[in-house]
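Visitor: The structure is given below, and queries will be raised subsequently.
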Amino acid sequence: MSSRKGIIIAIDGPAGSGKSTTAKLLADKLDYIYIDTGAMYRTMTYFALQKNIQLEQSAELVRIVEGMDFQFIKNGEELLVNGENVSSAIRSPEVSKKVSDYSKIVEVRKLLVQKQREFGRNGMIVMEGRDITTTVFPDADLKIFLTAEIDVRAYRRMIELKEKGVEIEIDDVKLNLESRDRIDSSREASPLMITNDSIIIDTTRMSIDEQVNAIYDKAKSIIEKIEN
Ligand code: DC
């Protein structure tokens with residue numbers, strides 16, 4: 001019998017593909033930790049905008065990120081950074097507009113990847129983002145690429161933002177998603193891509209329950225194998 005207790009589940013995909021909702025519910029169902037790495041890139045961007053740090057000032061950004069203590073609470077639903085609850089602030093349209101540009105900075109990515117690996121050191125984790133299957137956990141036990149048609153992604157994101165009190169037109173949401181997809185997939189440092197060993201799930205016509213269960217079943221069979 002193996003001494004390992006749990007596995008690492010890595011989920012990547014474009015903006016609005018349902019990664020956060022699916023990963024969170026999956027983690028709850030497995031009693032695993034859920035980590036939303038997009039929230040970490042958003043936090044870095046939020047502080048950069050607040051402190052008026054430009055994209056070229058990478059040394060300054062590194063200094064700030066080095067001093068960040070990320071504490072996910074409510075199993076990943078909210079994020080405290082050095083004690084400050086940034087959960088709402090990091091979802092603002094301003095942050096959404098700039099986050100992909102700030103996420104291109106290699107030095108900052110290195111630091112955030114280190115912190116993300118630290119969260120996963122004991123396994124039993126569901127982590128989602130853009131480079132989890134390729135860079136953060138290339139040896140993850142289960143790799144998923146979640147995607148959906150752009151109109152569906154924009155609609156879902158608009159509803160999510162409305163629920164959080166952010167009023168925004170669907171066309172603006174769509175433009176933001178398209179622009180981020182383009183930057184996130186074409187950047188030099190760990191771009192969003194599908195690895196050969198990832199399972200692709202198109203959620204366009206799937207309910208949340210179906211998405212969660214599809215991954216849960218695969219996770220369960222891997223967990224059973226390593227535990228026996
Ligand atoms: O998951 P999200 O849409 O909240 O992510 C916001 C941005 O953060 C995304 O457009 C690109 C960046 N990001 C990244 O570069 N690498 C990750 N692992 C997660 C997010």
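Please note that chains go A, B, ... in the order of the structure tokens, that every chain numbers its residues from 1, and that ligands are numbered from 1 in the order shown.
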So that I can see what lies close to A:Tyr216, please list as a count of residues only the residues with an atom at most 9 Å from it, counting only C-alpha atoms and leaving out residues fewer than 5 positions away in the same chain.
Guide: 5
Visitor: Select the residues contacting ligand 1 at a distance of at most 6 Å, based on only C-alpha atoms and all ligand atoms, then format the selection as number ranges by chain.
Guide: A: 15, 37-39, 41-42, 99-100, 103, 129-132, 180, 184
Visitor: Leaving out A:Gly83 and any residue of its chain fewer than 4 positions from it, which residues lie within 9 Å of it when counting only C-alpha atoms, given as a PyMOL selection string?
Guide: chain A and resi 69-71+79
Visitor: Pull N, CA and C atoms from the residues just selected and write them as an mmCIF file, in the first residue's frame.
Guide:
data_model
loop_
_atom_site.group_PDB
_atom_site.id
_atom_site.type_symbol
_atom_site.label_atom_id
_atom_site.label_comp_id
_atom_site.auth_asym_id
_atom_site.auth_seq_id
_atom_site.Cartn_x
_atom_site.Cartn_y
_atom_site.Cartn_z
ATOM 1 N N ASP A 69 1.938 37.695 1.829
ATOM 2 C CA ASP A 69 1.569 36.438 2.460
ATOM 3 C C ASP A 69 0.135 36.133 2.017
ATOM 4 N N PHE A 70 -0.005 35.091 1.189
ATOM 5 C CA PHE A 70 -1.325 34.741 0.661
ATOM 6 C C PHE A 70 -1.995 33.732 1.580
ATOM 7 N N GLN A 71 -3.180 34.095 2.028
ATOM 8 C CA GLN A 71 -3.920 33.164 2.889
ATOM 9 C C GLN A 71 -5.322 32.994 2.318
ATOM 10 N N LEU A 79 -9.672 35.629 -0.294
ATOM 11 C CA LEU A 79 -8.213 35.705 -0.166
ATOM 12 C C LEU A 79 -7.796 36.871 0.724
#
Visitor: Considering only C-alpha atoms, state which residue in the set A:Asp12, A:Glu210, A:Glu78, A:Glu107 is at the smallest distance from A:Thr147.
Guide: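 Once distances to A:Thr147 are computed over only C-alpha atoms, the minimum belongs to A:Asp12.
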Visitor: Nearest to A:Leu161 among A:Val173, A:Leu80, A:Ala10, A:Ala148, with distances taken over only C-alpha atoms: which residue is it?
Guide: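 Distance minimum relative to A:Leu161 lands on A:Val173.
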Visitor: When you draw a straight line from atom CA of A:Met158 to atom CA of A:Glu94, how long is it in Å?
Guide: 15.1 Å
